[in-house]
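Asks: Structure file structure_10.txt (compact mmCIF, C-alpha atoms and all ligand atoms) is given on the next line.
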```txt
# COMPACT_ATOMS: atom_id res chain seq x y z
CA MET A 1 -89.08 -87.29 -25.62
CA GLN A 2 -86.17 -88.33 -27.74
CA LYS A 3 -84.02 -85.80 -29.56
CA PHE A 4 -82.55 -86.34 -32.99
CA HIS A 5 -79.66 -84.62 -34.70
CA ALA A 6 -80.23 -82.89 -37.99
CA THR A 7 -79.06 -80.16 -40.33
CA LEU A 8 -81.31 -77.17 -40.87
CA TYR A 9 -81.41 -75.55 -44.32
CA GLY A 10 -83.26 -72.38 -45.08
CA TYR A 11 -83.33 -69.01 -46.73
CA HIS A 12 -80.44 -66.77 -45.59
CA MET A 13 -78.67 -69.77 -44.09
CA PRO A 14 -75.20 -71.02 -45.09
CA ALA A 15 -75.22 -73.59 -47.92
CA MET A 16 -73.90 -76.34 -45.67
CA GLY A 17 -76.76 -75.79 -43.22
CA THR A 18 -76.67 -75.57 -39.46
CA ALA A 19 -76.35 -78.53 -37.12
CA VAL A 20 -79.26 -78.66 -34.73
CA SER A 21 -81.06 -81.04 -32.46
CA ALA A 22 -84.83 -81.37 -32.60
CA TYR A 23 -87.67 -83.35 -31.10
CA PHE A 24 -91.37 -84.09 -31.35
CA VAL A 25 -93.80 -83.38 -28.59
CA GLY A 26 -97.25 -84.56 -29.52
CA GLN A 27 -98.18 -83.01 -32.87
CA ARG A 28 -95.37 -80.46 -32.68
CA LEU A 29 -91.79 -80.33 -33.77
CA PHE A 30 -89.33 -78.21 -31.80
CA ILE A 31 -85.77 -77.24 -32.69
CA ASP A 32 -83.38 -76.50 -29.85
CA ASN A 33 -82.21 -72.91 -29.52
CA MET A 34 -84.42 -71.76 -32.37
CA PRO A 35 -87.71 -69.97 -32.22
CA ILE A 36 -89.24 -72.69 -34.37
CA GLU A 37 -92.31 -74.67 -33.47
CA LEU A 38 -94.17 -76.54 -36.18
CA HIS A 39 -97.41 -78.49 -36.33
CA SER A 40 -97.37 -81.85 -38.09
CA SER A 41 -99.86 -80.54 -40.66
CA GLN A 42 -97.18 -78.04 -41.82
CA LEU A 43 -94.59 -80.76 -42.38
CA SER A 44 -93.94 -82.90 -45.40
CA VAL A 45 -91.47 -85.77 -45.71
CA SER A 46 -89.07 -86.18 -48.68
CA VAL A 47 -86.07 -88.32 -49.53
CA GLY A 48 -82.69 -87.49 -51.03
CA GLY A 49 -79.20 -88.80 -51.53
CA MET A 50 -77.68 -91.13 -54.15
CA GLU A 51 -79.17 -94.18 -52.53
CA HIS A 52 -82.32 -92.39 -51.39
CA ASP A 53 -81.23 -92.89 -47.81
CA GLU A 54 -81.57 -89.31 -46.60
CA LEU A 55 -84.71 -88.12 -44.84
CA PHE A 56 -85.91 -84.51 -44.96
CA LEU A 57 -88.71 -82.80 -43.04
CA ASN A 58 -89.85 -79.78 -45.07
CA TRP A 59 -92.04 -76.79 -44.37
CA CYS A 60 -92.86 -73.24 -45.48
CA ASP A 61 -92.88 -70.37 -43.01
CA SER A 62 -95.43 -67.53 -42.97
CA GLU A 63 -93.31 -65.62 -45.52
CA GLU A 64 -93.39 -68.60 -47.94
CA THR A 65 -89.71 -69.41 -47.31
CA GLN A 66 -88.74 -73.06 -47.76
CA TRP A 67 -87.04 -74.81 -44.87
CA ALA A 68 -85.72 -78.31 -44.55
CA LEU A 69 -84.40 -80.42 -41.72
CA LYS A 70 -82.17 -83.30 -42.78
CA ALA A 71 -81.72 -86.19 -40.34
CA ALA A 72 -78.03 -86.55 -39.49
CA SER A 73 -77.81 -90.37 -39.58
CA THR A 74 -79.86 -93.54 -39.93
CA ALA A 75 -80.08 -93.65 -36.12
CA ASP A 76 -81.64 -90.19 -36.23
CA ILE A 77 -84.05 -91.33 -38.96
CA ASP A 78 -85.11 -94.17 -36.64
CA ILE A 79 -85.78 -91.65 -33.86
CA ILE A 80 -87.92 -89.55 -36.23
CA VAL A 81 -89.84 -92.62 -37.42
CA ASN A 82 -90.44 -93.74 -33.83
CA SER A 83 -91.33 -90.38 -32.34
CA ALA A 84 -93.17 -88.58 -35.14
CA PRO A 85 -96.90 -88.05 -34.63
CA ALA A 86 -99.41 -90.39 -36.28
CA ALA A 87 -100.27 -87.74 -38.89
CA LEU A 88 -96.74 -88.06 -40.37
CA GLN A 89 -96.53 -91.85 -40.15
CA SER A 90 -98.19 -92.55 -43.50
CA GLN A 91 -95.63 -90.27 -45.25
CA LEU A 92 -92.80 -91.86 -43.28
CA SER A 93 -93.91 -95.39 -44.12
CA LYS A 94 -94.06 -94.47 -47.83
CA TRP A 95 -90.55 -93.11 -47.53
CA HIS A 96 -89.53 -96.30 -45.83
CA GLN A 97 -90.83 -98.43 -48.71
CA ARG A 98 -89.29 -96.21 -51.36
CA HIS A 99 -86.02 -96.19 -49.56
CA ARG A 100 -85.95 -99.95 -49.27
CA HIS A 101 -87.01 -100.32 -52.92
CA HIS A 102 -84.18 -98.10 -54.09
CA LYS A 103 -81.77 -99.82 -51.83
CA THR A 104 -82.72 -103.20 -53.36
CA LEU A 105 -82.36 -101.82 -56.89
CA TRP A 106 -78.96 -100.35 -56.19
CA GLY A 107 -77.97 -103.61 -54.53
CA LEU A 108 -79.06 -105.65 -57.54
CA LEU A 109 -77.32 -103.32 -59.96
CA GLY A 110 -74.14 -103.42 -57.91
CA ALA A 111 -74.26 -107.22 -57.76
CA ALA A 112 -74.84 -107.40 -61.54
CA VAL A 113 -71.85 -105.14 -62.26
CA ILE A 114 -69.61 -107.11 -59.91
CA THR A 115 -70.77 -110.42 -61.41
CA PHE A 116 -70.17 -109.17 -64.96
CA VAL A 117 -66.67 -107.90 -64.17
CA PHE A 118 -65.88 -111.19 -62.43
CA VAL A 119 -67.17 -113.32 -65.30
CA MET A 120 -65.23 -111.26 -67.86
CA ALA A 121 -62.06 -111.56 -65.79
CA VAL A 122 -62.44 -115.34 -65.58
CA VAL A 123 -63.23 -115.59 -69.29
CA LEU A 124 -60.14 -113.56 -70.29
CA TRP A 125 -57.94 -115.37 -67.84
CA GLN A 126 -59.17 -118.76 -69.01
CA TYR A 127 -59.37 -117.81 -72.70
CA GLN A 128 -56.92 -120.45 -73.94
CA HIS A 129 -58.69 -123.10 -71.89
CA MET A 130 -62.02 -121.98 -73.31
CA VAL A 131 -60.68 -122.26 -76.86
CA SER A 132 -59.33 -125.75 -76.08
CA TRP A 133 -62.61 -126.73 -74.52
CA VAL A 134 -64.60 -125.51 -77.52
CA ALA A 135 -62.18 -127.32 -79.87
CA LYS A 136 -62.80 -130.54 -77.93
CA GLN A 137 -66.57 -130.17 -78.37
CA ILE A 138 -66.29 -130.38 -82.15
CA PRO A 139 -66.81 -134.01 -83.26
CA ILE A 140 -64.28 -135.76 -85.50
CA SER A 141 -66.96 -135.98 -88.19
CA THR A 142 -67.02 -132.16 -88.36
CA GLU A 143 -63.25 -132.11 -88.54
CA GLN A 144 -63.41 -134.59 -91.41
CA GLN A 145 -65.83 -132.33 -93.29
CA LEU A 146 -63.51 -129.37 -92.77
CA GLY A 147 -60.42 -131.36 -93.75
CA GLN A 148 -61.98 -132.84 -96.89
CA ALA A 149 -63.31 -129.44 -97.97
CA ALA A 150 -59.82 -127.98 -97.65
CA LEU A 151 -58.26 -130.97 -99.42
CA ALA A 152 -60.67 -130.57 -102.34
CA GLN A 153 -59.39 -127.00 -102.78
CA ILE A 154 -55.78 -128.15 -102.67
CA LYS A 155 -56.42 -130.98 -105.14
CA ALA A 156 -58.04 -128.49 -107.49
CA GLU A 157 -54.70 -126.68 -107.67
CA GLY A 158 -53.15 -129.90 -109.06
CA GLY A 159 -49.93 -131.81 -108.37
CA ILE A 160 -51.26 -134.06 -105.60
CA ILE A 161 -49.78 -137.55 -105.54
CA GLU A 162 -51.92 -140.12 -103.71
CA SER A 163 -50.28 -143.42 -104.60
CA GLY A 164 -47.03 -144.98 -105.71
CA LYS A 165 -43.73 -145.93 -104.17
CA ALA A 166 -43.09 -142.60 -102.45
CA ILE A 167 -46.56 -142.59 -100.86
CA VAL A 168 -46.05 -146.15 -99.58
CA ALA A 169 -42.79 -145.09 -97.93
CA LEU A 170 -44.35 -141.88 -96.55
CA ALA A 171 -47.30 -143.81 -95.11
CA LYS A 172 -44.92 -146.38 -93.60
CA ILE A 173 -43.11 -143.66 -91.64
CA GLY A 174 -46.33 -141.78 -90.85
CA ASN A 175 -48.21 -144.83 -89.60
CA LYS A 176 -45.33 -145.66 -87.26
CA ILE A 177 -45.67 -142.19 -85.72
CA THR A 178 -49.47 -142.21 -85.46
CA ARG A 179 -50.03 -145.71 -84.13
CA GLY A 180 -52.93 -145.72 -81.64
CA SER A 181 -54.33 -142.34 -82.72
CA ASN A 182 -58.07 -141.61 -82.88
CA TYR A 183 -57.56 -140.13 -86.33
CA GLN A 184 -57.35 -141.98 -89.63
CA TYR A 185 -54.35 -140.37 -91.25
CA GLN A 186 -54.09 -139.70 -94.94
CA TRP A 187 -50.57 -139.16 -96.37
CA LEU A 188 -50.17 -137.11 -99.50
CA ILE A 189 -47.35 -135.55 -101.51
CA LYS A 190 -47.75 -132.37 -103.48
CA GLN A 191 -45.40 -131.67 -106.37
CA ASP A 192 -44.15 -128.29 -105.31
CA GLU A 193 -40.78 -126.60 -105.38
CA THR A 194 -41.22 -124.93 -102.00
CA VAL A 195 -39.96 -126.79 -98.92
CA ASN A 196 -43.21 -127.22 -97.02
CA ALA A 197 -45.53 -129.62 -95.25
CA PHE A 198 -48.87 -128.96 -93.64
CA ALA A 199 -51.67 -130.65 -91.75
CA LEU A 200 -55.38 -130.32 -92.38
CA PRO A 201 -58.00 -131.14 -89.73
CA SER A 202 -58.84 -134.83 -89.18
CA GLY A 203 -55.35 -136.05 -90.11
CA ILE A 204 -54.63 -135.11 -93.70
CA ILE A 205 -50.88 -134.52 -93.98
CA VAL A 206 -49.49 -133.02 -97.17
CA VAL A 207 -45.72 -132.98 -97.79
CA HIS A 208 -44.23 -130.99 -100.65
CA SER A 209 -41.90 -132.98 -102.92
CA ALA A 210 -39.16 -130.34 -102.39
CA LEU A 211 -39.16 -131.08 -98.66
CA ILE A 212 -38.49 -134.76 -99.33
CA GLN A 213 -35.69 -133.80 -101.73
CA LYS A 214 -34.13 -131.52 -99.13
CA ALA A 215 -34.27 -134.04 -96.27
CA ASP A 216 -31.11 -136.14 -95.93
CA ASN A 217 -32.75 -139.20 -94.45
CA ALA A 218 -36.06 -140.71 -93.38
CA GLU A 219 -35.57 -139.49 -89.79
CA GLU A 220 -35.62 -135.87 -90.93
CA LEU A 221 -38.90 -136.45 -92.77
CA ALA A 222 -40.23 -138.32 -89.71
CA ALA A 223 -39.41 -135.27 -87.58
CA VAL A 224 -41.46 -132.98 -89.83
CA LEU A 225 -44.32 -135.49 -89.84
CA ALA A 226 -44.24 -135.82 -86.04
CA HIS A 227 -44.54 -132.04 -85.76
CA GLU A 228 -47.42 -131.84 -88.26
CA VAL A 229 -49.18 -134.80 -86.63
CA GLN A 230 -49.26 -132.88 -83.35
CA HIS A 231 -51.01 -129.97 -85.10
CA VAL A 232 -53.74 -132.53 -85.84
CA GLU A 233 -53.73 -134.34 -82.49
CA GLN A 234 -53.86 -131.07 -80.52
CA ARG A 235 -56.53 -129.70 -82.89
CA HIS A 236 -54.46 -126.61 -83.60
CA SER A 237 -56.37 -125.77 -86.78
CA LEU A 238 -59.65 -125.86 -84.92
CA LYS A 239 -58.21 -123.70 -82.15
CA ASN A 240 -56.98 -121.24 -84.76
CA ILE A 241 -60.34 -121.20 -86.45
CA ILE A 242 -62.21 -120.74 -83.18
CA HIS A 243 -59.78 -118.03 -82.14
CA GLY A 244 -60.14 -116.23 -85.46
CA ALA A 245 -63.88 -116.64 -85.71
CA GLY A 246 -64.41 -114.91 -82.39
CA TRP A 247 -66.91 -115.09 -79.62
CA ALA A 248 -69.96 -115.66 -81.80
CA VAL A 249 -68.54 -119.04 -82.74
CA VAL A 250 -67.48 -119.85 -79.19
CA LEU A 251 -70.97 -119.02 -78.00
CA ALA A 252 -72.61 -121.06 -80.76
CA VAL A 253 -70.55 -124.12 -79.83
CA VAL A 254 -71.21 -123.59 -76.12
CA LEU A 255 -74.91 -123.51 -76.97
CA GLY A 256 -74.56 -126.74 -78.96
CA ASP A 257 -74.81 -125.30 -82.46
CA VAL A 258 -71.83 -127.03 -84.11
CA SER A 259 -73.44 -127.26 -87.54
CA GLY A 260 -73.74 -123.49 -87.83
CA VAL A 261 -70.12 -123.15 -86.86
CA THR A 262 -68.95 -125.37 -89.70
CA ALA A 263 -70.38 -122.95 -92.25
CA VAL A 264 -68.87 -119.93 -90.55
CA ILE A 265 -65.38 -121.34 -90.30
CA ALA A 266 -65.02 -123.58 -93.35
CA HIS A 267 -63.31 -120.92 -95.44
CA GLN A 268 -60.57 -120.44 -92.84
CA VAL A 269 -59.28 -124.01 -92.92
CA GLY A 270 -56.52 -123.31 -95.42
CA ALA A 271 -54.74 -120.86 -93.16
CA SER A 272 -52.01 -122.83 -91.44
CA TYR A 273 -50.25 -120.16 -89.45
CA PHE A 274 -50.03 -121.08 -85.81
CA SER A 275 -49.02 -119.07 -82.82
CA ARG A 276 -45.58 -119.47 -81.32
CA GLU A 277 -47.11 -121.34 -78.38
CA LEU A 278 -48.82 -123.87 -80.65
CA GLU A 279 -45.62 -124.35 -82.69
CA ALA A 280 -43.62 -124.94 -79.53
CA GLU A 281 -46.23 -127.45 -78.40
CA ALA A 282 -46.09 -129.27 -81.76
CA ASP A 283 -42.26 -129.45 -81.49
CA LYS A 284 -42.26 -130.68 -77.92
CA LEU A 285 -45.01 -133.27 -78.36
CA GLY A 286 -43.64 -134.18 -81.78
CA TYR A 287 -40.31 -134.96 -80.13
CA ALA A 288 -42.06 -137.18 -77.60
CA THR A 289 -43.93 -138.88 -80.46
CA LEU A 290 -40.65 -139.74 -82.21
CA VAL A 291 -39.15 -141.14 -79.02
CA LYS A 292 -42.30 -143.17 -78.38
CA ALA A 293 -42.17 -144.55 -81.92
CA ASN A 294 -38.48 -145.41 -81.37
CA ILE A 295 -37.40 -143.09 -84.18
CA ASN A 296 -34.13 -141.21 -83.70
CA PRO A 297 -35.20 -137.62 -82.85
CA ASP A 298 -31.90 -136.07 -84.03
CA GLY A 299 -33.59 -135.43 -87.37
CA MET A 300 -35.73 -132.74 -85.81
CA ALA A 301 -32.79 -130.56 -84.89
CA SER A 302 -30.73 -131.34 -88.00
CA PHE A 303 -33.55 -130.62 -90.45
CA LEU A 304 -34.52 -127.36 -88.76
CA GLN A 305 -30.87 -126.28 -88.62
CA LYS A 306 -30.57 -127.04 -92.34
CA LEU A 307 -33.64 -124.94 -93.08
CA ALA A 308 -32.35 -122.10 -90.93
CA ASP A 309 -29.10 -122.13 -92.91
CA LEU A 310 -30.89 -122.37 -96.26
CA SER A 311 -33.30 -119.60 -95.38
CA GLN A 312 -30.40 -117.16 -95.59
CA GLN A 313 -30.00 -118.10 -99.27
CA GLN A 314 -33.50 -118.92 -100.48
CA PRO A 315 -36.12 -117.45 -98.18
CA LYS A 316 -38.95 -117.85 -100.69
CA ALA A 317 -38.36 -121.55 -101.24
CA LEU A 318 -38.74 -122.37 -97.54
CA ALA A 319 -42.40 -121.96 -96.76
CA TRP A 320 -42.23 -124.41 -93.88
CA ILE A 321 -40.06 -122.12 -91.81
CA SER A 322 -41.54 -118.86 -93.03
CA SER A 323 -44.78 -120.18 -91.57
CA HIS A 324 -42.78 -121.35 -88.54
CA PRO A 325 -41.10 -118.37 -86.90
CA ASP A 326 -37.98 -118.26 -84.76
CA THR A 327 -36.29 -121.28 -86.33
CA LEU A 328 -33.03 -120.91 -84.43
CA GLU A 329 -34.91 -120.67 -81.16
CA ARG A 330 -36.72 -123.89 -82.05
CA VAL A 331 -33.42 -125.59 -82.88
CA ALA A 332 -32.07 -124.57 -79.47
CA ASP A 333 -35.20 -125.90 -77.71
CA ILE A 334 -34.94 -129.24 -79.52
CA LYS A 335 -31.21 -129.55 -78.76
CA GLN A 336 -32.14 -129.01 -75.12
CA LEU A 337 -34.69 -131.85 -75.39
CA LEU A 338 -32.03 -134.07 -76.99
CA LYS A 339 -29.83 -133.42 -73.98
CA GLU A 340 -32.56 -133.92 -71.37
CA GLN A 341 -34.43 -136.80 -73.00
CA PRO A 342 -32.02 -138.69 -75.27
CA CYS A 343 -33.37 -141.82 -76.95
CA ASP A 344 -30.68 -144.45 -76.66
CA SER A 345 -32.97 -147.25 -77.80
CA CYS A 346 -34.09 -145.39 -80.94
CA LYS A 347 -33.19 -147.05 -84.22
CA PRO A 348 -32.80 -145.85 -87.80
CA LEU A 349 -35.96 -146.20 -89.89
CA ASN A 350 -36.09 -149.13 -92.25
CA VAL A 351 -36.71 -147.00 -95.33
CA ASP A 352 -34.70 -146.93 -98.55
CA TRP A 353 -34.41 -143.18 -98.56
CA GLN A 354 -32.72 -142.77 -101.90
CA SER A 355 -35.23 -144.85 -103.78
CA MET A 356 -38.05 -142.88 -102.08
CA GLN A 357 -36.52 -139.64 -103.33
CA GLN A 358 -36.01 -141.10 -106.78
CA ALA A 359 -39.61 -142.32 -106.93
CA LEU A 360 -40.82 -138.72 -106.85
CA PRO A 361 -41.67 -137.26 -110.22
CA LYS A 362 -39.01 -134.76 -111.23
CA ILE A 363 -39.93 -131.12 -111.14
CA GLU A 364 -37.98 -129.21 -113.73
CA HIS A 365 -37.65 -126.02 -111.68
CA LEU A 366 -37.01 -127.76 -108.40
CA LYS A 367 -34.56 -125.64 -106.44
CA GLN A 368 -31.53 -127.58 -105.35
ZN ZN A 401 -46.09 -126.19 -87.25
```
Would it be possible to restate this file's structure as C-alpha cells?

Replies:
Amino acid sequence: MQKFHATLYGYHMPAMGTAVSAYFVGQRLFIDNMPIELHSSQLSVSVGGMEHDELFLNWCDSEETQWALKAASTADIDIIVNSAPAALQSQLSKWHQRHRHHKTLWGLLGAAVITFVFVMAVVLWQYQHMVSWVAKQIPISTEQQLGQAALAQIKAEGGIIESGKAIVALAKIGNKITRGSNYQYQWLIKQDETVNAFALPSGIIVVHSALIQKADNAEELAAVLAHEVQHVEQRHSLKNIIHGAGWAVVLAVVLGDVSGVTAVIAHQVGASYFSRELEAEADKLGYATLVKANINPDGMASFLQKLADLSQQQPKALAWISSHPDTLERVADIKQLLKEQPCDSCKPLNVDWQSMQQALPKIEHLKQ
C-alpha cells in the first residue's frame, strides 16, 4: 500500500482545500484521518490546470455534495496510476493520453512562438543586410529597365544634352573613374540652373549644367561624379526602392519573382534621396575611387565647402546639397580622409576646363 499526497476540496471546506494523504486498498480509497471510504465505482477521474497536468478524483456523497481530491504532484499522480484498482485504469489511461496530447500541443505552440520571435529578431537585426542581399539578387538587366524608364521621364522634361564637346569631356573624366566597372555608364548633361547631379540605376549619370559652371576645375566635377558613381555601384537606388517598397517586395524577390517587383517599384526610381549612411558610403568609396583613378581628391572637399558656403545665399539653387544633408559634416569627414589617405601620386586631369564650360549652351537665367 502506497500513500499519495493530495488536496481535498468539498462543501463547507476552505477554498484552498485541505492537505491530506490517501491510499487505495483493493477497490477502495481511504483518506487518512477522515471518515471517508470510497468504492472505485463512486469515483471519476478528471483533469485540470493550464497544461492539463493536474489529476482529480471526484465523487458525490450521500447528500449529493461534490468532493474532489487533487494529486499534490506528478509523483503522486504516478502513485495513483500505479495503485488504483483496475476499474479506474481505463479512465486514468484516457487522462494520460489527453494529458500527453495537451502537453505536446502546448510544447509545439511554445516552440512556434519562440521560433517566430527569434526569426523576427534576426530579421530586424539583419535588416540592412537583407536589403543589400535582395538588391544583389536583381539582375543588371532589370536595373537597365528601371534606369531607362526613369531616363525617358527626364528626357521628356527637355534640356538633356547627349553629345558635343562638353559630353566628350564629361565622359573622359567619368570613364577614368569607372574603369573596370560591371556597368556601362552613360554620361549626360541637363540644362538646368540648379546645382545638381544624380545617378539612375544601371549607370546613367546626369549632371546639371549649373554644377559644371559652379565647379572651378575638372577635379571638382570628378569628385561629384565619383560620389554619384558609388550610388550606382553600391545599388543605392535599388536599396532605397526595396526599403520603400516594404516586405512584400523583399518577399517576392526572395521567392524569385523579380519581374513582379519591377512593376511595383518602377515609379519610385526618380526619388534620389538617400539615407545619411548611404551618402557617407558614397563619399568614402567615392574618395577611394578618385585615389584609385589617380585623380586629386582635394576637389571633393573644396566643392562641398563651396556649396556649403553658397547654400547660405542661394539655398534653392543648390539641389545637390539639399538632397545631401549635413554638408559641413561631410566636408569634415573628407578632410579627415585627405589627412589619413593623401594621394601624393595623384595628378591634375588633362581636361581643358574652361573650354568645357564654354561649350555648354548658355542658360539665360543661370544663377552666378
Ligand atoms: Zn549622394

Asks: Please, which residues in chain A fall within 7 Å of ligand ZN 401 (chain A) when counting only C-alpha atoms and all ligand atoms, and what is the closest atom pair and distance in Å to one decimal for each, ordered by chain then residue number, as a Markdown table?

Replies:
```
| residue | atom | partner | partner_atom | distance |
| --- | --- | --- | --- | --- |
| A:His227 | CA | A:ZN401 | ZN | 6.2 |
| A:Glu228 | CA | A:ZN401 | ZN | 5.9 |
| A:His231 | CA | A:ZN401 | ZN | 6.6 |
| A:Phe274 | CA | A:ZN401 | ZN | 6.6 |
| A:Glu279 | CA | A:ZN401 | ZN | 4.9 |
| A:Ala282 | CA | A:ZN401 | ZN | 6.3 |
| A:His324 | CA | A:ZN401 | ZN | 6.0 |
```

Asks: What's the 10 Å shell around A:Gly158, counting all atoms listed in the file, without same-chain residues fewer than 2 positions away, as JSON, numbers by chain?

Replies: {"A": [153, 154, 155, 156, 160, 161, 190, 191, 192]}

Asks: So that I have them on file, write out the residues from the current selection with C-alpha atoms, as a PDB file, in the frame of the given file.

Replies:
```pdb
ATOM      1  CA  GLN A 153     -59.390-127.000-102.780  1.00  0.00           C
ATOM      2  CA  ILE A 154     -55.780-128.150-102.670  1.00  0.00           C
ATOM      3  CA  LYS A 155     -56.420-130.980-105.140  1.00  0.00           C
ATOM      4  CA  ALA A 156     -58.040-128.490-107.490  1.00  0.00           C
ATOM      5  CA  ILE A 160     -51.260-134.060-105.600  1.00  0.00           C
ATOM      6  CA  ILE A 161     -49.780-137.550-105.540  1.00  0.00           C
ATOM      7  CA  LYS A 190     -47.750-132.370-103.480  1.00  0.00           C
ATOM      8  CA  GLN A 191     -45.400-131.670-106.370  1.00  0.00           C
ATOM      9  CA  ASP A 192     -44.150-128.290-105.310  1.00  0.00           C
TER      10      ASP A 192
END
```

Asks: Could I get the residues of stretch 157-215 of chain A with an atom no further than 10 Å from an atom of stretch 297-315 of chain A, each paired with its nearest atom pair and that distance in Å to one decimal, using all atoms listed in the file, sorted by chain and residue number, as a Markdown table?

Replies:
```
| residue | atom | partner | partner_atom | distance |
| --- | --- | --- | --- | --- |
| A:Thr194 | CA | A:Pro315 | CA | 9.8 |
| A:Val195 | CA | A:Leu307 | CA | 8.8 |
| A:Leu211 | CA | A:Phe303 | CA | 10.0 |
| A:Lys214 | CA | A:Phe303 | CA | 8.7 |
| A:Ala215 | CA | A:Phe303 | CA | 6.8 |
```

Asks: Compile the contact shell of A:Val207 as a ChimeraX atom specification: residues with an atom at most 12 Å away, counting all atoms listed in the file, same-chain residues fewer than 2 positions apart removed.

Replies: /A:159-162,166-167,170-171,174,186-200,204-205,209-215,221-222,224-225,228-229,319-320,360

Asks: Neighbours of A:Ile80 within 8 Å (all atoms listed in the file; same-chain residues fewer than 4 positions away dropped), as a PyMOL selection string?

Replies: chain A and resi 4+76+84

Asks: Could you give me the centre and size, in Å to one decimal, of an axis-aligned box around all listed atoms of stretch 8-13 of chain A with 4 Å added on every side, as AutoDock Vina command-line options?

Replies:
```
--center_x -81.0 --center_y -72.0 --center_z -43.8 --size_x 12.7 --size_y 18.4 --size_z 13.9
```

Asks: With distances taken over only C-alpha atoms, which of A:Glu37, A:Asp61, A:Asp53, A:Asp352 is nearest to A:Asn217?

Replies: A:Asp352

Asks: To one decimal place in Å, what is the distance between atom CA of A:Ala71 and atom CA of A:Phe56?

Replies: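 That distance, rounded to one decimal, is 6.5 Å.
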
Asks: Have a look at A:Ser62, A:Ser181, A:Thr7, A:Ser44 and name the one nearest to A:Ala22; count all atoms listed in the file.

Replies: A:Thr7
